[in-house]
Amino acid sequence: MDDLYRAIADPTRRAILDELVDHNGQSLFELCGRLTLKHGIGSSRQAISQHLEILESAGLVEVRREGRYKFHWFNGEPLREIAKRWPTHKGRS
Amino acid sequence: MRINLASVFVDDQDRALRFYTETLGFLKKHDIPLGEYRWITVVSPEDPAGTELVLEPDAHPAVKPFVAALAEDGIPSTSFAVQDIAAEHRRLEGLGVRFTQQPTDLGPVITAVFDDTCGNLIQITQEKAPS
């Protein structure tokens, strides 16, 4: 669980998830283009690659190979744990 | 000084010449036998006297791992300009071209990336008119 909270604590990693929700299954190149031009995030490809590894270890991003290519997919499943732990409706006082 | 040549490494010059002319629509400018390989260049019909693209053999041992590493991360080897990216995307998909990036609006430009069947990814871009 700690991996999950750490993964979503960083604004660049949240922007990566936003872009994958906008269009799932992206190459590293497409993600970097979107982050630079839509979010003004000027991180290097290598830095984005490291962010993706952290998201992957938290289970929020899956990497799938198709032939010679590598695509990144969003997986929201781990976020259920947060809603389970802290229900999203207003608690009774 | 002007840029007269640009090149892409291709794993098969015959297949590359077919793809760059028949599928993309470029014109063959030079095709000169050169030992084991050929000196092949293509130009755009929109600018036949303009920059020539060399279809360069990938025989040097450093090329294959370099091109493969770029392709894995979706990084294009070069980029071409188009007027109407939606139409070009439809046309190329209709010809069986595989896109690794669908047309994506990035603000000042719309870009897409496809596989040239010879080892490379190629980007196409449409510049948006300034609003």
# chains A, B, ... in the order shown; residues from 1 in each chain; ligands from 1

call {"tool": "closest_atom_pairs", "arguments": {"of": "region 50-72 of chain A", "to": "region 46-68 of chain B", "cutoff": "12 Å", "atoms": "only C-alpha atoms", "output": "JSON lines"}}
result
{"residue": "A:Gly67", "atom": "CA", "partner": "B:Ala68", "partner_atom": "CA", "distance": 11.0}
{"residue": "A:Arg68", "atom": "CA", "partner": "B:Ala68", "partner_atom": "CA", "distance": 7.3}
{"residue": "A:Tyr69", "atom": "CA", "partner": "B:Ala68", "partner_atom": "CA", "distance": 8.9}
{"residue": "A:Lys70", "atom": "CA", "partner": "B:Ala68", "partner_atom": "CA", "distance": 11.3}

call {"tool": "residues_around", "arguments": {"residues": "region 76-88 of chain A", "least_positions_apart": "2", "cutoff": "7 Å", "atoms": "only C-alpha atoms", "output": "MDAnalysis selection string"}}
result
chainID A and resid 59:60 74 90

call {"tool": "select_by_dssp", "arguments": {"residues": "region 45-126 of chain B", "states": "alpha helix (DSSP H)", "output": "PyMOL selection string"}}
result
chain B and resi 63-72+85-94

call {"tool": "write_last_selection", "arguments": {"atoms": "N, CA and C atoms", "output": "tab-separated table (two decimals), in the first residue's frame"}}
result
chain	number	residue	atom	x	y	z
B	63	VAL	N	23.76	-0.02	-35.95
B	63	VAL	CA	22.47	0.57	-36.34
B	63	VAL	C	21.28	-0.20	-35.78
B	64	LYS	N	21.30	-1.53	-35.90
B	64	LYS	CA	20.12	-2.32	-35.52
B	64	LYS	C	19.74	-2.09	-34.05
B	65	PRO	N	20.68	-2.24	-33.09
B	65	PRO	CA	20.27	-2.01	-31.70
B	65	PRO	C	19.81	-0.56	-31.44
B	66	PHE	N	20.41	0.39	-32.15
B	66	PHE	CA	20.03	1.81	-32.00
B	66	PHE	C	18.58	2.02	-32.46
B	67	VAL	N	18.27	1.53	-33.67
B	67	VAL	CA	16.92	1.72	-34.22
B	67	VAL	C	15.89	0.95	-33.37
B	68	ALA	N	16.27	-0.26	-32.92
B	68	ALA	CA	15.34	-1.06	-32.12
B	68	ALA	C	15.02	-0.39	-30.80
B	69	ALA	N	16.05	0.23	-30.19
B	69	ALA	CA	15.84	0.89	-28.89
B	69	ALA	C	14.93	2.10	-29.05
B	70	LEU	N	15.09	2.85	-30.13
B	70	LEU	CA	14.21	3.99	-30.38
B	70	LEU	C	12.77	3.51	-30.59
B	71	ALA	N	12.62	2.46	-31.40
B	71	ALA	CA	11.27	1.97	-31.71
B	71	ALA	C	10.57	1.48	-30.45
B	72	GLU	N	11.31	0.79	-29.59
B	72	GLU	CA	10.71	0.26	-28.36
B	72	GLU	C	10.03	1.37	-27.55
B	85	ILE	N	-3.76	16.05	-41.13
B	85	ILE	CA	-3.28	14.80	-40.51
B	85	ILE	C	-4.39	13.77	-40.37
B	86	ALA	N	-5.64	14.23	-40.18
B	86	ALA	CA	-6.75	13.28	-40.04
B	86	ALA	C	-6.94	12.51	-41.34
B	87	ALA	N	-6.87	13.24	-42.46
B	87	ALA	CA	-7.05	12.61	-43.77
B	87	ALA	C	-5.88	11.66	-44.06
B	88	GLU	N	-4.67	12.09	-43.74
B	88	GLU	CA	-3.48	11.28	-44.01
B	88	GLU	C	-3.51	10.01	-43.15
B	89	HIS	N	-3.93	10.15	-41.90
B	89	HIS	CA	-4.04	9.00	-41.00
B	89	HIS	C	-5.05	7.99	-41.54
B	90	ARG	N	-6.21	8.49	-42.01
B	90	ARG	CA	-7.23	7.61	-42.58
B	90	ARG	C	-6.69	6.89	-43.82
B	91	ARG	N	-6.04	7.67	-44.68
B	91	ARG	CA	-5.51	7.12	-45.92
B	91	ARG	C	-4.49	6.00	-45.64
B	92	LEU	N	-3.54	6.29	-44.73
B	92	LEU	CA	-2.48	5.32	-44.46
B	92	LEU	C	-3.02	4.09	-43.73
B	93	GLU	N	-3.94	4.30	-42.79
B	93	GLU	CA	-4.53	3.13	-42.11
B	93	GLU	C	-5.27	2.26	-43.11
B	94	GLY	N	-5.92	2.91	-44.06
B	94	GLY	CA	-6.62	2.17	-45.11
B	94	GLY	C	-5.66	1.33	-45.95

call {"tool": "atom_distance", "arguments": {"atom1": "CA of Gly119 (chain B)", "atom2": "CA of Lys28 (chain B)"}}
result
19.8 Å

call {"tool": "closest_atom_pairs", "arguments": {"of": "chain B", "to": "chain A", "cutoff": "10 Å", "atoms": "only C-alpha atoms", "output": "CSV"}}
result
residue,atom,partner,partner_atom,distance
B:Ala68,CA,A:Arg68,CA,7.3
B:Ala69,CA,A:Arg68,CA,9.0
B:Leu70,CA,A:Phe29,CA,9.2
B:Ala71,CA,A:Tyr69,CA,6.2
B:Glu72,CA,A:Tyr69,CA,4.3
B:Asp73,CA,A:Leu28,CA,5.2
B:Gly74,CA,A:Ser27,CA,5.1
B:Ile75,CA,A:Phe29,CA,5.4
B:Pro76,CA,A:Phe29,CA,8.3
B:Thr100,CA,A:Ser27,CA,7.4
B:Gln101,CA,A:Glu30,CA,6.9
B:Gln102,CA,A:Glu30,CA,9.5
B:Thr104,CA,A:Arg34,CA,8.5
B:Asp105,CA,A:Arg34,CA,8.6
B:Leu106,CA,A:Leu37,CA,5.7
B:Gly107,CA,A:Leu37,CA,6.6
B:Pro108,CA,A:Leu37,CA,8.4
B:Val109,CA,A:Leu37,CA,9.3
B:Thr111,CA,A:Glu30,CA,9.2
B:Ala112,CA,A:Glu30,CA,8.8
B:Val113,CA,A:Glu30,CA,8.8
B:Gly119,CA,A:Arg68,CA,9.2

call {"tool": "closest_residue", "arguments": {"among": "A:Glu56, A:His51, A:Cys32, A:Gly42", "to": "Arg14 (chain A)", "atoms": "only C-alpha atoms"}}
result
A:His51

call {"tool": "closest_residue", "arguments": {"among": "A:Gly91, A:Leu55, A:Trp73, A:Ala47", "to": "Glu19 (chain A)", "atoms": "only C-alpha atoms"}}
result
A:Trp73

call {"tool": "select_by_dssp", "arguments": {"residues": "region 19-114 of chain B", "states": "strand (DSSP E or B)", "output": "PyMOL selection string"}}
result
chain B and resi 27-34+37-44+47+52-57+78-81+99-105+109-114

call {"tool": "residues_around", "arguments": {"residues": "Gly96 (chain B)", "least_positions_apart": "6", "cutoff": "12 Å", "atoms": "only C-alpha atoms", "output": "MDAnalysis selection string"}}
result
chainID B and resid 19 23:24 89:90 114:117
